[in-house]
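Engineer: Take this structure, written in structure tokens, and hold onto it; I'll ask about it next.
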Amino acid sequence: MTADQELQIIGQTVATILGRVYYDNGGNSKWLATVVQLVGFPVLLPYYILSFKTHATTDRDGKRTSPRNRVLVYVVLGLLVGADCYLYSIGLLYLPVSTYSLICASQLAFNAFFSYFLNSQKLTPIILNSLFLLTISSTLLAFNNEETDSTKVTKGEYVKGFICTVAASAGYGLVLSLQQLAFLKVLKKQNFSEVMDMIIYVSLVASCVSVVGLFASSEWKTLSSEMDNYKHGKVSYIMNLVWTAVTWQVFSIGGTGLIFELSSLFSNAISVLGLPVVPILAVIIFHDKMNGLKVISMILAIWGFTSYVYQQYLDDKNLKKNHEITTTESPDPPEAEESTWQSK
């Protein structure tokens with residue numbers, strides 16, 4: 001497992017648990033929960049500055065993206081990410097964290113759908129089977145009746161949380177596909193700085209959107225009393241928000257790095273790899289109930305993910321095989337190499 005994969009899984013798991021801890025201990029601001037998902041990007045600046053020289057590369061084609069197109073990419077993605085994070089905050093408020101995380105597995109299916117149209121992603125029978133299983137896994141939870149122990153959730157609130165989480169998963173799948181499209185068609189530079197610029201500027205725009213939402217909704221007026229009445233005190237309240245912000249950025253850099261190196265669909269698949277971790281931790285920490293429907297949903301989701309990984313294994317195997325055949329059949333003649341160097 002690469003460093004990007006580890007960052008994505010650890011960041012998502014810890015951030016989701018901390019988000020639920022915020023709500024369970026007296027937090028109630030959906031916009032504040034959205035803000036902390038986004039405003040942690042400044043912690044990446046020292047890493048960006050220190051690592052820039054190590055990862056610096058020159059443009060091979062000499063082309064530069066126009067500032068107008070670059071700003072347009074960051075603004076559009078930032079607006080989508082801001083709205084998406086708000087929907088996730090609503091879902092996490094009204095759903096048990098185990099149910100929430102299982103529904104989030106549907107983002108892989110949405111990502112594959114958008115990648116097929118935007119990124120020319122091939123949909124093989126094995127991948128289609130994977131997407132079918134993941135879709136059924138999430139759909140089953142629509143028929144799941146449950147309440148959290150800490151907050152009594154009405155049927156209407158449960159449905160609202162379910163719809164918002166599904167919509168957020170669809171939005172996340174779209175954002176990942178658009179990011180990959182932007183790297184290939186607009187930015188056209190496959191280097192370290194482009195990945196970091198994507199994270200930082202998109203997070204900046206999305207942070208502005210969430211802060212505007214916080215003040216426009218008047219939720220900022222209740223934050224002082226929310227901190228005073230927080231179950232474990234003010235220090236715990238602040239530390240929860242700070243570490244939630246940091247861990248979401250850990251997830252962000254891992255996910256964006258995988259999009260840059262491989263594809264948006266693979267990045268999303270890795271986030272689904274952490275799927276069994278969150279429900280198990282939710283049962284231990286929050287005493288979530290794992291009824292038969294949830295267990296079936298988890299098994300289907302894991303089965304769907306395994307199918308996707310198997311397809312990736314087959315693709316990688318075929319790619320290596322074709323590369324070996326090409327190398328064996330058409331070695332570069334020394335004369336051609338010499339003439340090429342002379343012509344430069």
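In the structure tokens, chains take letters A, B, ... by order of appearance, with residues numbered from 1 within each chain and ligands from 1 in the order shown.
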Please provide the set of residues having any atom within 12 Å of Leu300 of chain A, restricted to only C-alpha atoms, with same-chain residues fewer than 5 positions apart removed, written as a list in words.
Structural biologist: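 So, after excluding close chain neighbours, the residues are Leu102, Ile103, Ala105, Ser106, Asn129, Ser130, Leu131, Phe132, Leu133, Leu134, Thr135, Ile136, Ser137, Ser138, Thr139, Leu140, Leu141, Leu275, Pro276, Leu293, Lys294, Val295, Phe305, Thr306 and Ser307 of chain A.
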Engineer: When you count only C-alpha atoms, which of these residues is closest to Val175 of chain A: A:Ala83, A:Val43, A:Ile127, A:Leu95?
Structural biologist: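 Closest residue, counting only C-alpha atoms: A:Ala83.
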Engineer: Contacts between segment 203-217 of chain A and segment 63-111 of chain A, please, where a residue of segment 63-111 of chain A counts if it comes within 6 Å (with only C-alpha atoms); show its shortest atom pair and distance in Å to one decimal, rows by chain and ascending number, as a tab-separated table.
Structural biologist:
```
residue	atom	partner	partner_atom	distance
A:Gly78	CA	A:Ala206	CA	4.4
A:Leu79	CA	A:Ala206	CA	5.7
A:Val81	CA	A:Ala206	CA	6.0
A:Gly82	CA	A:Ala206	CA	4.4
```
Engineer: Can you list, as an mmCIF file with N, CA, C and O atoms, in the first residue's frame, every protein, DNA or RNA residue that comes within 9 Å of segment 158-160 of chain A when you count only C-alpha atoms, leaving out same-chain residues fewer than 2 positions away?
Structural biologist:
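And here is the file that came out, result_30.cif:
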```cif
data_model
loop_
_atom_site.group_PDB
_atom_site.id
_atom_site.type_symbol
_atom_site.label_atom_id
_atom_site.label_comp_id
_atom_site.auth_asym_id
_atom_site.auth_seq_id
_atom_site.Cartn_x
_atom_site.Cartn_y
_atom_site.Cartn_z
ATOM 1 N N ILE A 90 -24.874 17.207 6.877
ATOM 2 C CA ILE A 90 -26.277 16.908 7.198
ATOM 3 C C ILE A 90 -26.461 15.402 7.377
ATOM 4 O O ILE A 90 -27.123 14.942 8.313
ATOM 5 N N GLY A 91 -25.869 14.627 6.473
ATOM 6 C CA GLY A 91 -25.990 13.177 6.566
ATOM 7 C C GLY A 91 -25.404 12.623 7.853
ATOM 8 O O GLY A 91 -26.011 11.764 8.506
ATOM 9 N N TYR A 94 -27.750 13.265 10.990
ATOM 10 C CA TYR A 94 -28.999 12.514 11.138
ATOM 11 C C TYR A 94 -28.857 10.996 11.054
ATOM 12 O O TYR A 94 -29.795 10.272 11.393
ATOM 13 N N LEU A 95 -27.711 10.509 10.592
ATOM 14 C CA LEU A 95 -27.540 9.067 10.437
ATOM 15 C C LEU A 95 -26.519 8.529 11.427
ATOM 16 O O LEU A 95 -25.552 9.216 11.760
ATOM 17 N N ALA A 142 -31.809 2.238 2.739
ATOM 18 C CA ALA A 142 -32.983 3.115 2.683
ATOM 19 C C ALA A 142 -34.155 2.489 3.431
ATOM 20 O O ALA A 142 -35.066 3.188 3.884
ATOM 21 N N ASN A 145 -34.606 0.858 9.508
ATOM 22 C CA ASN A 145 -35.194 1.701 10.553
ATOM 23 C C ASN A 145 -34.325 1.643 11.796
ATOM 24 O O ASN A 145 -34.106 0.578 12.358
ATOM 25 N N GLU A 146 -33.823 2.809 12.240
ATOM 26 C CA GLU A 146 -33.000 2.822 13.447
ATOM 27 C C GLU A 146 -32.922 4.235 14.001
ATOM 28 O O GLU A 146 -33.198 5.212 13.332
ATOM 29 N N GLU A 147 -32.491 4.323 15.251
ATOM 30 C CA GLU A 147 -32.266 5.595 15.918
ATOM 31 C C GLU A 147 -30.912 5.537 16.583
ATOM 32 O O GLU A 147 -30.480 4.494 17.058
ATOM 33 N N VAL A 153 -33.714 10.382 16.318
ATOM 34 C CA VAL A 153 -33.910 10.888 14.960
ATOM 35 C C VAL A 153 -35.252 10.421 14.446
ATOM 36 O O VAL A 153 -35.577 9.227 14.518
ATOM 37 N N THR A 154 -36.040 11.345 13.939
ATOM 38 C CA THR A 154 -37.342 10.991 13.393
ATOM 39 C C THR A 154 -37.173 10.325 12.033
ATOM 40 O O THR A 154 -36.103 10.370 11.425
ATOM 41 N N LYS A 155 -38.233 9.724 11.565
ATOM 42 C CA LYS A 155 -38.200 9.074 10.262
ATOM 43 C C LYS A 155 -37.875 10.092 9.164
ATOM 44 O O LYS A 155 -37.099 9.807 8.237
ATOM 45 N N GLY A 156 -38.494 11.287 9.291
ATOM 46 C CA GLY A 156 -38.242 12.336 8.299
ATOM 47 C C GLY A 156 -36.785 12.773 8.283
ATOM 48 O O GLY A 156 -36.207 13.003 7.211
ATOM 49 N N PHE A 162 -30.374 10.407 4.691
ATOM 50 C CA PHE A 162 -30.080 9.428 3.649
ATOM 51 C C PHE A 162 -29.951 10.103 2.285
ATOM 52 O O PHE A 162 -28.992 9.879 1.544
ATOM 53 N N ILE A 163 -30.919 10.963 1.950
ATOM 54 C CA ILE A 163 -30.915 11.642 0.652
ATOM 55 C C ILE A 163 -29.691 12.545 0.515
ATOM 56 O O ILE A 163 -29.030 12.570 -0.528
ATOM 57 N N CYS A 164 -29.372 13.281 1.575
ATOM 58 C CA CYS A 164 -28.220 14.187 1.532
ATOM 59 C C CYS A 164 -26.908 13.419 1.373
ATOM 60 O O CYS A 164 -26.007 13.860 0.653
ATOM 61 N N THR A 165 -26.793 12.255 2.041
ATOM 62 C CA THR A 165 -25.565 11.468 1.934
ATOM 63 C C THR A 165 -25.411 10.875 0.544
ATOM 64 O O THR A 165 -24.306 10.864 -0.025
#
```
Engineer: When you draw a straight line from atom CA of Ala170 of chain A to atom CA of Tyr86 of chain A, how long is it in Å?
Structural biologist: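 According to the coordinates, atom CA of Ala170 of chain A and atom CA of Tyr86 of chain A are separated by 13.3 Å.
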Engineer: Name the closest residue to Gly11 of chain A among the candidates A:Asn111, A:Gln312, A:Thr244, A:Ser120; distances are taken between atoms, counting only C-alpha atoms.
Structural biologist: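 Checking each candidate against Gly11 of chain A, we get A:Thr244 as the closest.
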Engineer: Neighbouring residues of Tyr237 of chain A were defined as those with any atom within 10 Å, considering only C-alpha atoms; residues of the same chain fewer than 2 positions away were excluded. Please report them as a compact mmCIF listing (two decimals) with all heavy atoms, in the first residue's frame.
Structural biologist:
```
# COMPACT_ATOMS: atom_id res chain seq x y z
N VAL A 21 -18.29 12.45 16.83
CA VAL A 21 -18.03 12.82 18.22
C VAL A 21 -18.50 14.26 18.47
O VAL A 21 -19.09 14.57 19.53
CB VAL A 21 -16.53 12.68 18.55
CG1 VAL A 21 -16.21 13.34 19.89
CG2 VAL A 21 -16.12 11.22 18.58
N TYR A 22 -18.27 15.15 17.51
CA TYR A 22 -18.72 16.55 17.63
C TYR A 22 -20.22 16.62 17.84
O TYR A 22 -20.72 17.30 18.75
CB TYR A 22 -18.30 17.32 16.39
CG TYR A 22 -19.01 18.64 16.21
CD1 TYR A 22 -18.67 19.74 16.99
CD2 TYR A 22 -20.02 18.79 15.27
CE1 TYR A 22 -19.32 20.96 16.84
CE2 TYR A 22 -20.68 19.99 15.11
CZ TYR A 22 -20.33 21.08 15.89
OH TYR A 22 -21.00 22.29 15.74
N ASN A 25 -21.57 15.05 21.30
CA ASN A 25 -21.23 15.72 22.56
C ASN A 25 -21.76 17.15 22.66
O ASN A 25 -21.31 17.93 23.49
CB ASN A 25 -19.72 15.73 22.74
CG ASN A 25 -19.18 14.36 23.10
OD1 ASN A 25 -19.27 13.91 24.23
ND2 ASN A 25 -18.62 13.67 22.10
N GLY A 26 -22.74 17.48 21.83
CA GLY A 26 -23.39 18.78 21.96
C GLY A 26 -23.25 19.70 20.76
O GLY A 26 -23.90 20.75 20.72
N GLY A 27 -22.41 19.36 19.79
CA GLY A 27 -22.30 20.17 18.57
C GLY A 27 -23.53 20.02 17.72
O GLY A 27 -24.08 18.93 17.61
N GLU A 226 -22.74 26.88 22.32
CA GLU A 226 -22.43 25.49 21.96
C GLU A 226 -21.12 25.06 22.61
O GLU A 226 -21.01 23.95 23.14
CB GLU A 226 -22.35 25.37 20.44
CG GLU A 226 -22.09 23.96 19.94
CD GLU A 226 -22.09 23.88 18.42
OE1 GLU A 226 -23.18 23.88 17.81
OE2 GLU A 226 -20.98 23.84 17.83
N MET A 227 -20.11 25.94 22.60
CA MET A 227 -18.83 25.64 23.22
C MET A 227 -18.96 25.52 24.74
O MET A 227 -18.40 24.62 25.36
CB MET A 227 -17.80 26.72 22.87
CG MET A 227 -16.41 26.44 23.43
SD MET A 227 -15.27 27.83 23.19
CE MET A 227 -15.19 27.92 21.40
N ASP A 228 -19.73 26.42 25.33
CA ASP A 228 -19.91 26.41 26.78
C ASP A 228 -20.61 25.13 27.26
O ASP A 228 -20.34 24.63 28.35
CB ASP A 228 -20.72 27.62 27.23
CG ASP A 228 -19.95 28.93 27.03
OD1 ASP A 228 -18.71 28.88 27.01
OD2 ASP A 228 -20.60 29.99 26.86
N ASN A 229 -21.55 24.65 26.44
CA ASN A 229 -22.35 23.49 26.84
C ASN A 229 -21.82 22.16 26.30
O ASN A 229 -22.47 21.13 26.48
CB ASN A 229 -23.80 23.67 26.37
CG ASN A 229 -24.46 24.88 27.00
OD1 ASN A 229 -24.25 25.17 28.17
ND2 ASN A 229 -25.27 25.60 26.22
N TYR A 230 -20.66 22.21 25.66
CA TYR A 230 -20.09 20.98 25.10
C TYR A 230 -19.79 20.01 26.23
O TYR A 230 -19.25 20.39 27.28
CB TYR A 230 -18.81 21.30 24.32
CG TYR A 230 -18.36 20.21 23.40
CD1 TYR A 230 -19.08 19.89 22.26
CD2 TYR A 230 -17.18 19.50 23.65
CE1 TYR A 230 -18.66 18.89 21.39
CE2 TYR A 230 -16.74 18.50 22.79
CZ TYR A 230 -17.49 18.19 21.66
OH TYR A 230 -17.06 17.21 20.80
N LYS A 231 -20.14 18.76 26.02
CA LYS A 231 -20.11 17.75 27.07
C LYS A 231 -18.76 17.62 27.76
O LYS A 231 -18.68 17.50 28.99
CB LYS A 231 -20.54 16.40 26.49
CG LYS A 231 -20.69 15.29 27.53
CD LYS A 231 -21.23 14.03 26.88
CE LYS A 231 -21.36 12.91 27.88
NZ LYS A 231 -21.88 11.67 27.26
N HIS A 232 -17.67 17.66 27.00
CA HIS A 232 -16.34 17.44 27.56
C HIS A 232 -15.54 18.73 27.72
O HIS A 232 -14.32 18.67 27.91
CB HIS A 232 -15.56 16.45 26.70
CG HIS A 232 -16.17 15.08 26.66
ND1 HIS A 232 -16.26 14.28 27.78
CD2 HIS A 232 -16.73 14.37 25.65
CE1 HIS A 232 -16.85 13.13 27.45
NE2 HIS A 232 -17.14 13.17 26.17
N GLY A 233 -16.20 19.87 27.66
CA GLY A 233 -15.53 21.13 27.92
C GLY A 233 -15.02 21.86 26.68
O GLY A 233 -15.01 21.32 25.57
N LYS A 234 -14.58 23.09 26.90
CA LYS A 234 -14.15 23.95 25.79
C LYS A 234 -12.90 23.43 25.09
O LYS A 234 -12.79 23.50 23.87
CB LYS A 234 -13.91 25.37 26.32
CG LYS A 234 -15.15 26.08 26.83
CD LYS A 234 -14.82 27.48 27.31
CE LYS A 234 -16.07 28.19 27.82
NZ LYS A 234 -15.75 29.58 28.29
N VAL A 235 -11.93 22.95 25.88
CA VAL A 235 -10.68 22.47 25.28
C VAL A 235 -10.96 21.30 24.35
O VAL A 235 -10.44 21.22 23.23
CB VAL A 235 -9.67 22.07 26.37
CG1 VAL A 235 -8.43 21.44 25.74
CG2 VAL A 235 -9.28 23.28 27.21
N MET A 239 -10.23 21.16 20.34
CA MET A 239 -9.34 20.12 19.83
C MET A 239 -10.05 19.22 18.81
O MET A 239 -9.45 18.78 17.82
CB MET A 239 -8.79 19.27 20.98
CG MET A 239 -7.85 20.02 21.92
SD MET A 239 -6.43 20.74 21.03
CE MET A 239 -5.58 19.27 20.48
N ASN A 240 -11.31 18.96 19.06
CA ASN A 240 -12.08 18.16 18.11
C ASN A 240 -12.14 18.85 16.74
O ASN A 240 -11.91 18.22 15.70
CB ASN A 240 -13.49 17.92 18.64
CG ASN A 240 -14.38 17.16 17.66
OD1 ASN A 240 -14.90 17.72 16.70
ND2 ASN A 240 -14.56 15.88 17.91
N LEU A 241 -12.43 20.15 16.74
CA LEU A 241 -12.53 20.90 15.50
C LEU A 241 -11.18 20.98 14.78
O LEU A 241 -11.09 20.83 13.56
CB LEU A 241 -13.06 22.31 15.77
CG LEU A 241 -14.49 22.39 16.35
CD1 LEU A 241 -14.86 23.85 16.60
CD2 LEU A 241 -15.50 21.73 15.42
N VAL A 242 -10.12 21.21 15.57
CA VAL A 242 -8.78 21.34 14.98
C VAL A 242 -8.34 20.03 14.32
O VAL A 242 -7.90 20.02 13.16
CB VAL A 242 -7.75 21.76 16.06
CG1 VAL A 242 -6.33 21.63 15.51
CG2 VAL A 242 -8.01 23.19 16.50
```
Engineer: Nearest to Arg68 of chain A among A:Val186, A:Ala282, A:Leu314, A:Met198, with distances taken over only C-alpha atoms: which residue is it?
Structural biologist: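 Nearest candidate to Arg68 of chain A out of A:Val186, A:Ala282, A:Leu314, A:Met198: A:Val186.
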Engineer: Would you mind listing what lies within 8 Å of Phe114 of chain A as a ChimeraX atom specification, with only C-alpha atoms counted and same-chain residues fewer than 5 positions away left out?
Structural biologist: /A:119,173-174,177
Engineer: Could those selected residues go to a file with all heavy atoms, as a PDB file, in the first residue's frame?
Structural biologist:
```
ATOM      1  N   ASN A 119     -13.973  10.865 -18.450  1.00  0.00           N
ATOM      2  CA  ASN A 119     -12.577  10.425 -18.467  1.00  0.00           C
ATOM      3  C   ASN A 119     -12.327   9.203 -19.339  1.00  0.00           C
ATOM      4  O   ASN A 119     -11.246   8.614 -19.272  1.00  0.00           O
ATOM      5  CB  ASN A 119     -12.111  10.115 -17.034  1.00  0.00           C
ATOM      6  CG  ASN A 119     -12.433  11.222 -16.055  1.00  0.00           C
ATOM      7  OD1 ASN A 119     -13.049  10.973 -15.031  1.00  0.00           O
ATOM      8  ND2 ASN A 119     -12.056  12.447 -16.362  1.00  0.00           N
ATOM      9  N   GLY A 173     -18.265  11.925  -6.382  1.00  0.00           N
ATOM     10  CA  GLY A 173     -17.860  11.197  -7.581  1.00  0.00           C
ATOM     11  C   GLY A 173     -17.664  12.121  -8.764  1.00  0.00           C
ATOM     12  O   GLY A 173     -16.721  11.967  -9.551  1.00  0.00           O
ATOM     13  N   LEU A 174     -18.560  13.120  -8.895  1.00  0.00           N
ATOM     14  CA  LEU A 174     -18.438  14.098  -9.980  1.00  0.00           C
ATOM     15  C   LEU A 174     -17.188  14.958  -9.810  1.00  0.00           C
ATOM     16  O   LEU A 174     -16.461  15.217 -10.778  1.00  0.00           O
ATOM     17  CB  LEU A 174     -19.687  14.987 -10.010  1.00  0.00           C
ATOM     18  CG  LEU A 174     -19.672  16.143 -11.022  1.00  0.00           C
ATOM     19  CD1 LEU A 174     -19.535  15.616 -12.443  1.00  0.00           C
ATOM     20  CD2 LEU A 174     -20.926  16.995 -10.875  1.00  0.00           C
ATOM     21  N   SER A 177     -14.019  13.084 -10.839  1.00  0.00           N
ATOM     22  CA  SER A 177     -13.914  12.959 -12.297  1.00  0.00           C
ATOM     23  C   SER A 177     -13.529  14.290 -12.932  1.00  0.00           C
ATOM     24  O   SER A 177     -12.731  14.332 -13.878  1.00  0.00           O
ATOM     25  CB  SER A 177     -15.243  12.466 -12.877  1.00  0.00           C
ATOM     26  OG  SER A 177     -15.539  11.165 -12.428  1.00  0.00           O
TER      27      SER A 177
END
```
Engineer: Got a sec: who's within 8 Å of Ser89 of chain A, counting only C-alpha atoms, leaving out chain neighbours fewer than 3 positions off, as a CSV table (one decimal) with all heavy atoms, in the first residue's frame?
Structural biologist:
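Output file out12.csv is given in full below:
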```
chain,number,residue,atom,x,y,z
A,30,LYS,N,-24.3,22.6,11.5
A,30,LYS,CA,-24.0,21.9,10.2
A,30,LYS,C,-22.9,22.7,9.4
A,30,LYS,O,-22.1,22.1,8.8
A,30,LYS,CB,-25.2,21.6,9.4
A,30,LYS,CG,-26.3,20.8,10.1
A,30,LYS,CD,-27.5,20.5,9.2
A,30,LYS,CE,-28.3,21.7,9.1
A,30,LYS,NZ,-29.0,22.1,10.3
A,31,TRP,N,-23.0,24.0,9.4
A,31,TRP,CA,-22.1,24.8,8.7
A,31,TRP,C,-20.7,24.8,9.3
A,31,TRP,O,-19.7,24.8,8.6
A,31,TRP,CB,-22.6,26.2,8.5
A,31,TRP,CG,-23.6,26.4,7.4
A,31,TRP,CD1,-24.9,26.6,7.5
A,31,TRP,CD2,-23.3,26.3,6.0
A,31,TRP,NE1,-25.5,26.7,6.2
A,31,TRP,CE2,-24.5,26.4,5.3
A,31,TRP,CE3,-22.1,26.0,5.3
A,31,TRP,CZ2,-24.6,26.4,3.9
A,31,TRP,CZ3,-22.2,26.0,3.9
A,31,TRP,CH2,-23.4,26.2,3.2
A,33,ALA,N,-19.5,22.3,11.0
A,33,ALA,CA,-19.0,20.9,10.6
A,33,ALA,C,-18.5,20.9,9.2
A,33,ALA,O,-17.5,20.2,8.8
A,33,ALA,CB,-20.1,19.9,10.8
A,34,THR,N,-19.1,21.8,8.3
A,34,THR,CA,-18.6,21.9,6.9
A,34,THR,C,-17.3,22.7,6.9
A,34,THR,O,-16.4,22.3,6.1
A,34,THR,CB,-19.7,22.6,6.1
A,34,THR,OG1,-20.9,21.9,6.2
A,34,THR,CG2,-19.3,22.7,4.6
A,85,CYS,N,-19.6,19.1,0.9
A,85,CYS,CA,-19.3,18.9,2.3
A,85,CYS,C,-20.4,19.3,3.2
A,85,CYS,O,-20.6,18.7,4.2
A,85,CYS,CB,-18.1,19.8,2.6
A,85,CYS,SG,-16.5,19.2,1.9
A,86,TYR,N,-21.2,20.3,2.8
A,86,TYR,CA,-22.4,20.6,3.6
A,86,TYR,C,-23.4,19.5,3.6
A,86,TYR,O,-24.0,19.1,4.6
A,86,TYR,CB,-23.1,21.9,3.0
A,86,TYR,CG,-24.3,22.3,3.8
A,86,TYR,CD1,-24.2,22.8,5.1
A,86,TYR,CD2,-25.6,22.2,3.2
A,86,TYR,CE1,-25.4,23.2,5.8
A,86,TYR,CE2,-26.7,22.6,3.8
A,86,TYR,CZ,-26.6,23.1,5.2
A,86,TYR,OH,-27.7,23.5,5.8
A,92,LEU,N,-24.2,13.1,8.3
A,92,LEU,CA,-23.6,12.6,9.5
A,92,LEU,C,-24.4,13.1,10.7
A,92,LEU,O,-24.3,12.4,11.8
A,92,LEU,CB,-22.2,13.2,9.5
A,92,LEU,CG,-21.2,12.6,10.6
A,92,LEU,CD1,-21.2,11.1,10.4
A,92,LEU,CD2,-19.9,13.2,10.5
A,93,LEU,N,-25.1,14.2,10.6
A,93,LEU,CA,-25.9,14.6,11.8
A,93,LEU,C,-27.1,13.7,12.0
A,93,LEU,O,-27.4,13.4,13.2
A,93,LEU,CB,-26.4,16.0,11.5
A,93,LEU,CG,-27.4,16.6,12.5
A,93,LEU,CD1,-26.8,16.7,13.9
A,93,LEU,CD2,-27.9,18.0,12.1
```
Engineer: Please compute the atom CA of Leu178 of chain A-atom CA of Arg20 of chain A distance, one decimal, in Å.
Structural biologist: 28.8 Å
Engineer: Quick one: pick out all alpha helix (DSSP H) residues within segment 73-183 of chain A from a backbone DSSP run and write them as a PyMOL selection string.
Structural biologist: chain A and resi 73-94+97-103+107-118+125-140+155-181
